[in-house]
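Peer 1: Provided herewith: model-v3.txt, compact mmCIF, C-alpha atoms.
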# COMPACT_ATOMS: atom_id res chain seq x y z
CA MET A 17 0.00 0.00 0.00
CA SER A 18 1.27 3.47 -0.80
CA ALA A 19 1.65 6.25 1.77
CA PRO A 20 -1.61 7.77 2.99
CA ARG A 21 -2.76 10.98 1.35
CA SER A 22 -4.85 12.09 4.32
CA VAL A 23 -4.03 11.46 8.00
CA ALA A 24 -6.06 12.38 11.08
CA ILE A 25 -4.60 12.31 14.58
CA ILE A 26 -6.28 12.17 17.97
CA THR A 27 -3.64 14.06 19.94
CA ASP A 28 -4.27 12.49 23.33
CA GLY A 29 -2.22 12.59 26.51
CA ASN A 30 -1.12 16.19 27.09
CA GLY A 31 -2.46 16.28 30.65
CA ARG A 32 -0.89 12.97 31.63
CA TRP A 33 2.41 14.07 30.08
CA ALA A 34 2.41 17.18 32.28
CA ALA A 35 1.33 15.30 35.42
CA ALA A 36 4.14 12.75 34.99
CA ARG A 37 6.62 15.65 35.05
CA GLY A 38 5.04 17.53 37.93
CA LEU A 39 3.99 20.33 35.58
CA PRO A 40 0.67 22.17 35.32
CA VAL A 41 -1.72 20.84 32.67
CA GLU A 42 -1.22 24.03 30.66
CA ALA A 43 2.42 23.02 30.11
CA GLY A 44 1.20 19.77 28.59
CA HIS A 45 -1.06 21.60 26.18
CA GLU A 46 1.79 23.90 25.16
CA ALA A 47 4.05 20.89 24.55
CA GLY A 48 1.26 19.26 22.57
CA ALA A 49 0.84 22.35 20.39
CA ASP A 50 4.58 22.42 19.74
CA ASN A 51 4.37 18.80 18.65
CA VAL A 52 1.55 19.50 16.21
CA LYS A 53 3.80 21.95 14.38
CA ALA A 54 6.71 19.52 14.35
CA ARG A 55 4.64 16.61 13.06
CA LEU A 56 3.01 18.88 10.45
CA ARG A 57 6.45 19.48 8.99
CA ASP A 58 7.11 15.75 9.04
CA ALA A 59 3.82 15.18 7.23
CA VAL A 60 4.98 17.44 4.40
CA GLU A 61 8.21 15.45 4.08
CA PHE A 62 6.29 12.15 4.20
CA GLY A 63 4.16 13.24 1.24
CA ILE A 64 0.91 13.69 3.17
CA SER A 65 -1.36 16.32 1.64
CA GLU A 66 -3.98 16.62 4.41
CA LEU A 67 -3.42 16.47 8.18
CA THR A 68 -6.28 16.80 10.66
CA VAL A 69 -5.67 17.23 14.39
CA PHE A 70 -8.16 17.14 17.28
CA SER A 71 -7.46 20.24 19.35
CA PHE A 72 -10.65 20.81 21.39
CA SER A 73 -13.83 18.74 21.48
CA THR A 74 -17.40 19.73 22.26
CA GLU A 75 -17.03 17.61 25.41
CA ASN A 76 -13.91 19.47 26.57
CA TRP A 77 -16.05 22.34 27.87
CA GLY A 78 -16.66 20.08 30.87
CA ARG A 79 -13.04 20.39 31.99
CA PRO A 80 -12.08 22.74 34.85
CA GLU A 81 -12.84 26.36 33.99
CA ALA A 82 -9.23 27.46 34.49
CA GLU A 83 -7.97 24.81 32.05
CA VAL A 84 -10.53 25.77 29.41
CA ARG A 85 -9.68 29.45 29.78
CA ALA A 86 -5.97 28.72 29.45
CA LEU A 87 -6.61 26.62 26.35
CA MET A 88 -8.60 29.39 24.69
CA GLU A 89 -5.88 31.92 25.46
CA MET A 90 -3.25 29.55 24.08
CA PHE A 91 -5.20 28.99 20.85
CA ASP A 92 -5.62 32.71 20.31
CA ARG A 93 -1.96 33.48 21.02
CA ARG A 94 -0.59 30.66 18.90
CA ILE A 95 -2.85 31.37 15.92
CA GLN A 96 -1.70 34.98 15.94
CA LYS A 97 1.97 34.08 16.30
CA GLU A 98 2.25 31.00 14.10
CA THR A 99 -0.07 31.75 11.18
CA PRO A 100 2.48 33.93 9.33
CA GLU A 101 5.09 31.21 9.79
CA LEU A 102 2.78 28.47 8.52
CA ASP A 103 1.67 30.69 5.67
CA ALA A 104 5.29 31.10 4.57
CA GLU A 105 5.65 27.30 4.61
CA GLY A 106 2.66 26.85 2.29
CA VAL A 107 0.22 25.49 4.85
CA ARG A 108 -3.50 26.03 4.25
CA MET A 109 -5.36 26.23 7.59
CA ARG A 110 -8.99 25.28 8.15
CA PHE A 111 -10.85 25.19 11.45
CA ILE A 112 -13.73 22.73 11.67
CA GLY A 113 -16.31 22.70 14.44
CA ARG A 114 -19.06 24.74 16.00
CA ARG A 115 -18.61 28.43 16.69
CA GLN A 116 -21.24 28.61 19.45
CA GLY A 117 -19.72 29.40 22.83
CA VAL A 118 -16.41 30.58 21.36
CA GLU A 119 -15.44 34.19 22.02
CA ALA A 120 -15.89 36.51 19.05
CA SER A 121 -12.24 37.57 19.15
CA LEU A 122 -11.08 33.95 18.75
CA ILE A 123 -13.56 33.34 15.92
CA GLU A 124 -12.15 36.42 14.17
CA ARG A 125 -8.61 35.13 14.70
CA MET A 126 -9.49 31.79 13.13
CA ALA A 127 -11.19 33.49 10.18
CA TRP A 128 -8.08 35.65 9.70
CA ALA A 129 -5.81 32.59 9.67
CA GLN A 130 -8.02 30.82 7.15
CA GLU A 131 -8.16 33.84 4.88
CA LYS A 132 -4.41 34.49 5.09
CA THR A 133 -3.52 30.91 4.14
CA ALA A 134 -6.40 30.23 1.73
CA ASP A 135 -4.25 30.16 -1.43
CA ASN A 136 -1.58 27.79 -0.09
CA ASP A 137 -1.36 24.29 -1.49
CA ARG A 138 1.62 22.53 0.08
CA ILE A 139 -0.48 20.81 2.77
CA ASP A 140 -3.95 21.30 4.24
CA LEU A 141 -4.07 21.49 8.04
CA PHE A 142 -7.57 20.89 9.41
CA ILE A 143 -7.88 21.83 13.08
CA ALA A 144 -10.88 20.28 14.82
CA PHE A 145 -11.79 22.97 17.34
CA ASN A 146 -15.00 22.86 19.43
CA TYR A 147 -15.61 19.78 17.34
CA GLY A 148 -17.73 16.66 17.79
CA GLY A 149 -18.50 14.06 15.15
CA ARG A 150 -22.12 13.70 16.21
CA ALA A 151 -22.53 17.48 16.33
CA GLU A 152 -21.19 17.74 12.79
CA ILE A 153 -23.67 15.16 11.52
CA LEU A 154 -26.55 16.84 13.34
CA ASP A 155 -25.58 20.27 12.00
CA ALA A 156 -25.34 18.88 8.47
CA ALA A 157 -28.70 17.16 8.77
CA LYS A 158 -30.41 20.46 9.62
CA THR A 159 -29.79 21.79 6.11
CA PHE A 160 -29.76 18.54 4.12
CA ALA A 161 -32.60 17.85 1.73
CA GLY A 162 -30.94 15.45 -0.72
CA ASP A 163 -30.68 11.70 -1.16
CA THR A 164 -27.02 10.73 -1.60
CA GLU A 165 -23.93 10.58 0.58
CA GLU A 166 -22.11 13.00 -1.72
CA GLU A 167 -24.92 15.51 -1.35
CA PHE A 168 -24.77 15.10 2.43
CA ARG A 169 -21.00 15.65 2.41
CA ARG A 170 -21.54 19.15 1.05
CA HIS A 171 -23.20 20.08 4.35
CA LEU A 172 -20.30 18.96 6.55
CA TYR A 173 -17.96 21.53 8.13
CA ALA A 174 -15.29 21.02 5.45
CA PRO A 175 -16.80 19.35 2.37
CA GLU A 176 -13.43 19.51 0.63
CA MET A 177 -11.76 17.34 3.28
CA SER A 178 -10.80 13.88 2.04
CA ASP A 179 -11.82 10.88 4.09
CA PRO A 180 -8.73 10.06 6.18
CA ASP A 181 -6.80 7.07 4.93
CA LEU A 182 -5.30 6.69 8.38
CA VAL A 183 -6.31 7.70 11.91
CA ILE A 184 -3.62 7.68 14.60
CA ARG A 185 -4.44 7.87 18.29
CA THR A 186 -1.79 8.37 20.93
CA SER A 187 -1.62 7.65 24.70
CA GLY A 188 -2.64 3.99 24.60
CA GLU A 189 -6.39 4.62 24.40
CA GLN A 190 -8.27 2.70 21.72
CA ARG A 191 -11.44 4.58 20.83
CA MET A 192 -12.58 7.24 18.37
CA SER A 193 -13.87 9.75 20.96
CA ASN A 194 -16.50 11.27 18.67
CA TYR A 195 -13.89 12.21 16.05
CA LEU A 196 -14.72 12.49 12.34
CA LEU A 197 -17.43 9.84 12.60
CA TRP A 198 -18.69 10.39 9.06
CA GLN A 199 -15.30 10.68 7.40
CA THR A 200 -13.58 7.70 9.07
CA ALA A 201 -16.05 5.00 8.00
CA TYR A 202 -13.25 3.09 6.22
CA SER A 203 -10.13 4.64 7.71
CA GLU A 204 -7.32 2.42 8.94
CA LEU A 205 -6.64 2.84 12.67
CA VAL A 206 -3.26 2.84 14.40
CA PHE A 207 -3.02 3.12 18.18
CA ARG A 208 0.21 4.23 19.81
CA ASP A 209 1.27 4.13 23.46
CA GLU A 210 3.18 7.44 23.42
CA LEU A 211 1.54 10.43 25.05
CA TRP A 212 1.03 13.04 22.36
CA PRO A 213 3.99 15.33 23.25
CA ASP A 214 6.23 12.22 23.04
CA PHE A 215 4.92 11.17 19.62
CA ASP A 216 8.01 11.96 17.56
CA ARG A 217 9.07 11.63 13.94
CA ASP A 218 10.05 7.98 14.36
CA ALA A 219 6.68 7.12 15.89
CA PHE A 220 4.96 8.89 12.99
CA ALA A 221 7.06 6.98 10.46
CA GLU A 222 6.29 3.67 12.21
CA SER A 223 2.57 4.47 12.05
CA LEU A 224 2.84 5.05 8.31
CA GLU A 225 4.78 1.79 7.93
CA GLU A 226 2.01 -0.07 9.76
CA PHE A 227 -0.53 1.51 7.42
CA ALA A 228 1.55 0.44 4.42
CA GLY A 229 1.26 -3.18 5.55
CA ARG A 230 -2.54 -3.12 5.59
CA LYS A 231 -4.82 -4.28 2.75
CA ARG A 232 -7.86 -2.02 2.41
CA ARG A 233 -10.97 -3.76 1.08
CA PHE A 234 -13.73 -1.22 1.65
CA GLY A 235 -16.21 -4.03 2.24
CA GLY A 236 -15.06 -6.07 -0.78
CA ARG A 237 -12.93 -9.23 -1.13
CA GLN A 238 -9.89 -7.92 -2.99
Spit out the file's structure as structure tokens when you get a sec.
Peer 2:
Amino acid sequence: MSAPRSVAIITDGNGRWAAARGLPVEAGHEAGADNVKARLRDAVEFGISELTVFSFSTENWGRPEAEVRALMEMFDRRIQKETPELDAEGVRMRFIGRRQGVEASLIERMAWAQEKTADNDRIDLFIAFNYGGRAEILDAAKTFAGDTEEEFRRHLYAPEMSDPDLVIRTSGEQRMSNYLLWQTAYSELVFRDELWPDFDRDAFAESLEEFAGRKRRFGGRQ
């Protein structure tokens, strides 16, 4: 099997990574964000054209208020700081998820990042923010009046997103956690034991090698 064109990652384990080092949970989220940028650059070198990362779920609002506030501040700061850098590297940024409950200033920051990078074509980075797979399907269903799956796809948050060939989840957990439920119907799954900040280039390469050894049948008998 050739290398995957589209990869989605459930970036799990930031909090446990911080706790194991006696650090505040915010330090784990910062380390996790640093790792997203590093693995994005690896993805370009590995020939991946779409990378999707799970940054904040609809369920994450139930975390402690201080943690949520720190996360929102980190997102805002990092988008402002890193968008010009990613733009220069040819990254096209897209944020998928609900906007309800998100501060207007952060929504504006995301829109700015999307607009600034809209013409780039080196790699597409989809950031699942305030995202839930069931929420996406429900939101799409509200405006859907067609009959086919392709028609339904046009009502998803990012109709242009390819179905992921491969989903990687870190931290030893083995579940989808309400992530891209429509898009991952036939994705290959790889589960890794590393906590997300420890998921390095070698671990990424090993995940791609495991994918390469799979035979995808899509319900058939090939």
Peer 1: Pick the closest to Ala174 in chain A from A:Ala59, A:Ile112, A:Ile139, A:Met126: which is it, counting all atoms listed in the file?
Peer 2: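 Nearest to Ala174 in chain A: A:Ile112.
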Peer 1: Would you pick out the contacts of Asn136 in chain A at 7 Å or less, using only C-alpha atoms, so that residues sharing its chain but fewer than 5 positions from it are not included, and give the list as JSON, numbers by chain?
Peer 2: {"A": [106, 107, 108]}
Peer 1: For each of A:Ala104, A:Met109, A:Ile123, A:Ile25, take the minimum atom-to-atom distance to Arg55 in chain A, counting all atoms listed in the file, then give the residue where this is smallest.
Peer 2: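 Checking each of A:Ala104, A:Met109, A:Ile123, A:Ile25 against Arg55 in chain A, counting all atoms listed in the file, the winner is A:Ile25.
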Peer 1: Under the rule that all atoms listed in the file are counted, which of A:Trp77, A:Trp198, A:Phe111, A:Phe215 is the nearest residue to Glu152 in chain A?
Peer 2: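 Nearest to Glu152 in chain A: A:Trp198.
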Peer 1: Of the candidates A:Ala82, A:Ala127, A:Ala201, A:Ala161, which shows the shortest atom-to-atom distance to Asp179 in chain A, using all atoms listed in the file?
Peer 2: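 Using all atoms listed in the file, the shortest distance to Asp179 in chain A belongs to A:Ala201.
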Peer 1: Can you work out the spacing between CA of Asn51 in chain A and CA of Val23 in chain A in Å, to one decimal?
Peer 2: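 Interatomic distance, CA of Asn51 in chain A to CA of Val23 in chain A: 15.4 Å.
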Peer 1: If I take CA of Asp181 in chain A and CA of Tyr202 in chain A, how far is one from the other in Å, to one decimal?
Peer 2: 7.7 Å
Peer 1: Which one of A:Leu102, A:Asp209, A:Gly113, A:Glu189 sits closest to Tyr173 in chain A if you count all atoms listed in the file?
Peer 2: A:Gly113
Peer 1: Go through A:Phe207, A:Trp128, A:Phe91, A:Trp33 and flag the residue nearest Asp103 in chain A, using all atoms listed in the file for the distances.
Peer 2: A:Trp128
Peer 1: Expressed in Å to a single decimal, how great is the separation between CA of Arg169 in chain A and CA of Arg138 in chain A?
Peer 2: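 CA of Arg138 in chain A lies at a distance of 23.8 Å from CA of Arg169 in chain A.
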Peer 1: How big is the axis-aligned box around all listed atoms of range 91-102 of chain A once 6 Å goes on each side, and where's its centre, in Å to one decimal, as lines of an AutoDock Vina configuration file?
Peer 2:
center_x = -0.3
center_y = 31.7
center_z = 14.8
size_x = 22.7
size_y = 18.5
size_z = 24.5
Peer 1: Within 10 Å of Phe72 in chain A, counting all atoms listed in the file, which residues show up once you throw out same-chain ones fewer than 2 positions away? Write them as a PDB file with C-alpha atoms, keeping the file's coordinate frame, please.
Peer 2:
ATOM      1  CA  THR A  27      -3.640  14.060  19.940  1.00  0.00           C
ATOM      2  CA  VAL A  69      -5.670  17.230  14.390  1.00  0.00           C
ATOM      3  CA  PHE A  70      -8.160  17.140  17.280  1.00  0.00           C
ATOM      4  CA  THR A  74     -17.400  19.730  22.260  1.00  0.00           C
ATOM      5  CA  GLU A  75     -17.030  17.610  25.410  1.00  0.00           C
ATOM      6  CA  ASN A  76     -13.910  19.470  26.570  1.00  0.00           C
ATOM      7  CA  TRP A  77     -16.050  22.340  27.870  1.00  0.00           C
ATOM      8  CA  VAL A  84     -10.530  25.770  29.410  1.00  0.00           C
ATOM      9  CA  LEU A  87      -6.610  26.620  26.350  1.00  0.00           C
ATOM     10  CA  MET A  88      -8.600  29.390  24.690  1.00  0.00           C
ATOM     11  CA  PHE A  91      -5.200  28.990  20.850  1.00  0.00           C
ATOM     12  CA  GLY A 113     -16.310  22.700  14.440  1.00  0.00           C
ATOM     13  CA  ILE A 143      -7.880  21.830  13.080  1.00  0.00           C
ATOM     14  CA  ALA A 144     -10.880  20.280  14.820  1.00  0.00           C
ATOM     15  CA  PHE A 145     -11.790  22.970  17.340  1.00  0.00           C
ATOM     16  CA  ASN A 146     -15.000  22.860  19.430  1.00  0.00           C
ATOM     17  CA  TYR A 147     -15.610  19.780  17.340  1.00  0.00           C
ATOM     18  CA  GLY A 148     -17.730  16.660  17.790  1.00  0.00           C
TER      19      GLY A 148
END
Peer 1: Env of Phe220 in chain A: 10 Å cut, atoms = only C-alpha atoms, seq-sep filter 2 positions within chain, self excluded. Answer as number ranges by chain.
Peer 2: A: 55, 58-59, 62, 184, 208, 215-218, 222-226
Peer 1: Within 10 Å of Glu83 in chain A, counting all atoms listed in the file, which residues qualify if same-chain residues fewer than 6 places away don't, as a VMD selection string?
Peer 2: chain A and resid 40 to 42 45 76 to 77 89
